[in-house]
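K.L.:
Have a look at the structure that comes next, please.
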Amino acid sequence: MEFNYPNIIAWAVPAFAILVLIEVFAARMLKRGRYEARDSAASLFMGFGSEIAPLLGGAAIVGAVFFAAYEFRLFDIPNTWWAVLICFVLDDLRYYWWHRISHERRWFWASHIVHHSSQHYNLTTALRQTWTGQILGPILFKTPRVFLGFHPLMVLFVGAINLLYQFWIHTELINRLGPFEWVFNTPSHHRVHHATNPRYLDANYAGTLIIWDRMFGTFTPERDDEKPRYGIVKNLGTFNPLIISFHEWIGIAKDVFSAKSLRDVIGYTFGPPGWSPDGSRMTSQMIKDRWRKIAREEQETREPQAPIAAE
Amino acid sequence: MTGNLLLDSLISLGAIAVMVGFVWRLFGGSGEPVSEGAARDRLAFDEPDFHPAEWLFDADGYAALATDGAGEFAIIIRKGDDLATRRFAADRVDAKMSAETLVLRFGDPGFPPVRLRAPDAADWAQKLRGL
């Protein structure tokens, strides 16, 4: 049976708005979860802009690359439900690696940082999406499936499903979900991903299935004794959407223009976020190391080393 | 096509206005003035190896400036109902006085210039200039 691709994003947008209103009301009534008007305005406006941005040319470029790759496809994969299922699982694996690289390499982080720039965690945060990064990411990470033989519309459809799934996990209203947590990405797992607590940095990159984090060693569970604090390690001092969108790109440009060697240019552009030639800034690994060192020192202060017992 | 896009955009912007208005109504729109407790808490989280020795608080409650007494400073500003911080050495900031207001510019695209109004702001300007 042939599979048709409904325009699920068009259906989803009104549902997003209704769910946001319900979450705002529930958060207020239950005194659980935080909202702030300017933060929500910034997130929603970023989401609006992210729907407009591809129309400036990015969508056409990606579409052209997809259809060119499809012309030279290796296999003719039929347009059936099982092909959609396989394509979705491959898309989720694609999402994991794209997402991980988006945190580990500054060029991609410059786009993705937008999504993490809110110090709140609610359904509007899910809609805080980038205006940049609409071309290279999709071409690099989605074209291989098209080249393999999955139809471009199928690839775009499963990508949209994956993004839609991730909307509802941006909430503090839902606690842990039992065995569902073993296989699927959940609000609890994704709260960890948005947290800036050193313990939680660089964890839980999953889109729909958390199994990838468990497989590739990046899974970190949420702890009852450590509440996530959201945002980025150097939080923005503004709600201005233009600053939110472009500040990291401006930072890259400033660093590149002040670089003293080609190595520095490459490091500033493609190194981990926070990389600097002299180590004066902090990458997330350095933040984790500092946290471990401080925790160790505190523990040693509390519990002076016991004298070594005579053998 | 263009007409549909324009109409869709207007509907989306209208929906955004409704949602933000609802948030404003239920949660309010402005945060508390920066207190020493909140500033210390945020600073301890963001910069755990920075130990503030002296503080300067903005009279309008927008910002606080701290020094560790060993040449490093940290600025904490109000951002909605939360705080944002930056840690810096004295030579990494452009500090100027304007009447009783200390104006700090960080050259950081994600952090705006900060104005601190306080009676002893001029003393801090000198500290920042290393005088």
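Simple scheme: letters A, B, ... for chains in structure tokens order, numbers from 1 for residues in each chain, numbers from 1 for ligands in the order shown.
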Applying 12 Å and only C-alpha atoms, which residues near Ile16 in chain B remain after dropping the ones on its own chain fewer than 6 positions away? List them as a ChimeraX atom specification.
P.N.:
/A:13-14,16-18,20-21,37-38,40-49,124,127 /B:9-10,22-23
K.L.:
Which polymer residues have any atom within 8 Å of an atom of Ile61 in chain A, counting only C-alpha atoms, with same-chain residues fewer than 4 positions away left out, as a list in words?
P.N.:
Gly57, Val65 and Ile135 of chain A
K.L.:
Take the residues from that selection and write them out as a PDB file, in the first residue's frame, keeping C-alpha atoms.
P.N.:
ATOM      1  CA  GLY A  57      16.457  30.158  -0.250  1.00  0.00           C
ATOM      2  CA  VAL A  65      20.342  18.627  -3.477  1.00  0.00           C
ATOM      3  CA  ILE A 135      21.262  24.310   4.696  1.00  0.00           C
TER       4      ILE A 135
END
K.L.:
Which residue out of B:Pro119, B:Pro48, B:Gly71, B:Gly130 has the minimum interatomic distance to chain A when only C-alpha atoms are used?
P.N.:
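Residue with the minimum atom-to-atom distance to chain A: B:Pro48.
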K.L.:
Which neighbours of Tyr165 in chain A fall inside 12 Å, counting only C-alpha atoms, when residues of the same chain fewer than 2 positions from it are skipped, and could you give them as a PyMOL selection string?
P.N.:
chain A and resi 8-9+12+16+88+92+126+158-163+167-170+184-187+206-209
K.L.:
Keeping only C-alpha atoms, take the residues you just selected and write them out as a PDB file, in the first residue's frame.
P.N.:
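Writing the result to out_28.pdb gives the following:
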ATOM      1  CA  ILE A   8       1.647  17.365   9.703  1.00  0.00           C
ATOM      2  CA  ILE A   9       3.355  20.628  10.629  1.00  0.00           C
ATOM      3  CA  ALA A  12       0.435  20.695  14.559  1.00  0.00           C
ATOM      4  CA  PHE A  16       1.085  23.708  19.845  1.00  0.00           C
ATOM      5  CA  PHE A  88      12.246   6.955  10.806  1.00  0.00           C
ATOM      6  CA  ASP A  92      16.456   9.190  14.740  1.00  0.00           C
ATOM      7  CA  ALA A 126      10.561  23.737  22.241  1.00  0.00           C
ATOM      8  CA  VAL A 158       9.989  11.379   9.187  1.00  0.00           C
ATOM      9  CA  GLY A 159      12.154  14.371  10.118  1.00  0.00           C
ATOM     10  CA  ALA A 160       8.981  16.360  10.810  1.00  0.00           C
ATOM     11  CA  ILE A 161       7.555  13.483  12.923  1.00  0.00           C
ATOM     12  CA  ASN A 162      10.772  13.421  14.942  1.00  0.00           C
ATOM     13  CA  LEU A 163      10.593  17.169  15.590  1.00  0.00           C
ATOM     14  CA  PHE A 167       7.621  19.223  21.429  1.00  0.00           C
ATOM     15  CA  TRP A 168       5.894  17.594  24.396  1.00  0.00           C
ATOM     16  CA  ILE A 169       9.124  16.639  26.207  1.00  0.00           C
ATOM     17  CA  HIS A 170       9.929  20.312  26.890  1.00  0.00           C
ATOM     18  CA  PHE A 184      11.977   6.746  24.582  1.00  0.00           C
ATOM     19  CA  ASN A 185      13.193  10.284  25.112  1.00  0.00           C
ATOM     20  CA  THR A 186      11.053  11.831  27.850  1.00  0.00           C
ATOM     21  CA  PRO A 187      10.648  15.150  29.680  1.00  0.00           C
ATOM     22  CA  ALA A 206      18.290  11.714  21.602  1.00  0.00           C
ATOM     23  CA  GLY A 207      15.394  12.810  19.451  1.00  0.00           C
ATOM     24  CA  THR A 208      12.716  10.140  19.940  1.00  0.00           C
ATOM     25  CA  LEU A 209      14.611   7.036  21.105  1.00  0.00           C
TER      26      LEU A 209
END
K.L.:
Could you pull out the alpha helix (DSSP H) residues of range 82-282 of chain A from DSSP and send them as a ChimeraX atom specification?
P.N.:
/A:82-104,106-116,123-127,136-148,152-165,180-183,187-194,211-216,241-258,262-270
K.L.:
Can you pull out every residue within 9 Å of Ala66 in chain B, counting only C-alpha atoms, but drop anything in the same chain fewer than 3 positions away, and send it as a short mmCIF file (atom, residue, chain, number, x, y, z; two decimals) with C-alpha atoms, in the first residue's frame?
P.N.:
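Resulting contents of out_12.cif:
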data_model
loop_
_atom_site.label_atom_id
_atom_site.label_comp_id
_atom_site.auth_asym_id
_atom_site.auth_seq_id
_atom_site.Cartn_x
_atom_site.Cartn_y
_atom_site.Cartn_z
CA HIS B 51 34.93 33.89 45.73
CA PRO B 52 33.40 37.37 46.05
CA ALA B 53 35.03 39.56 48.66
CA GLU B 54 33.29 42.89 47.98
CA TRP B 55 30.02 43.87 46.35
CA LEU B 56 28.55 46.89 44.61
CA PHE B 57 24.75 46.89 44.16
CA GLY B 69 40.05 41.16 45.73
CA GLU B 72 38.98 39.37 39.05
CA PHE B 73 35.43 40.67 38.86
CA ALA B 74 31.97 39.28 38.18
CA ILE B 75 28.87 41.10 37.03
CA ILE B 76 25.38 39.79 37.71
#
K.L.:
List the spatial neighbours of Leu148 in chain A as a VMD selection string - criterion: any atom at most 10 Å away, only C-alpha atoms, same-chain residues fewer than 3 positions off excluded.
P.N.:
chain A and resid 69 to 70 72 to 77 143 to 145 151
K.L.:
Enumerate as JSON, numbers by chain the residues belonging to chain B that approach chain A to within 10 Å, with only C-alpha atoms taken into account.
P.N.:
{"B": [5, 9, 12, 13, 15, 16, 17, 18, 19, 20, 21, 22, 23, 24, 25, 26, 27, 28, 29, 30, 31, 45, 46, 47, 48, 49, 76, 77, 78, 79, 80, 81, 82, 83, 84, 85, 86, 87, 107, 108, 109, 110, 111, 112, 113, 114]}
K.L.:
Mind checking which residues fall within 8 Å of range 98-104 of chain B, counting only C-alpha atoms, ignoring those fewer than 3 positions away in the same chain, and posting them as a list in words?
P.N.:
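The filter keeps Val93, Asp94, Ala95, Pro113, Val114, Arg115, Leu116, Arg117, Ala118, Pro119, Asp120, Ala121, Ala122 and Ala125 of chain B.
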K.L.:
Keeping C-alpha atoms, export the residues of the selection given above as an mmCIF file, in the first residue's frame.
P.N.:
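Full text of part.cif as output:
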data_model
loop_
_atom_site.group_PDB
_atom_site.id
_atom_site.type_symbol
_atom_site.label_atom_id
_atom_site.label_comp_id
_atom_site.auth_asym_id
_atom_site.auth_seq_id
_atom_site.Cartn_x
_atom_site.Cartn_y
_atom_site.Cartn_z
ATOM 1 C CA VAL B 93 36.169 45.675 30.359
ATOM 2 C CA ASP B 94 35.610 49.265 29.277
ATOM 3 C CA ALA B 95 34.599 51.082 32.493
ATOM 4 C CA PRO B 113 26.441 47.254 28.475
ATOM 5 C CA VAL B 114 25.604 47.469 32.182
ATOM 6 C CA ARG B 115 24.838 50.657 34.143
ATOM 7 C CA LEU B 116 25.286 50.563 37.921
ATOM 8 C CA ARG B 117 24.045 53.570 39.893
ATOM 9 C CA ALA B 118 25.548 53.653 43.374
ATOM 10 C CA PRO B 119 27.190 56.239 45.675
ATOM 11 C CA ASP B 120 30.566 54.449 45.632
ATOM 12 C CA ALA B 121 30.499 53.611 41.919
ATOM 13 C CA ALA B 122 33.462 55.924 41.278
ATOM 14 C CA ALA B 125 35.603 52.512 38.433
#
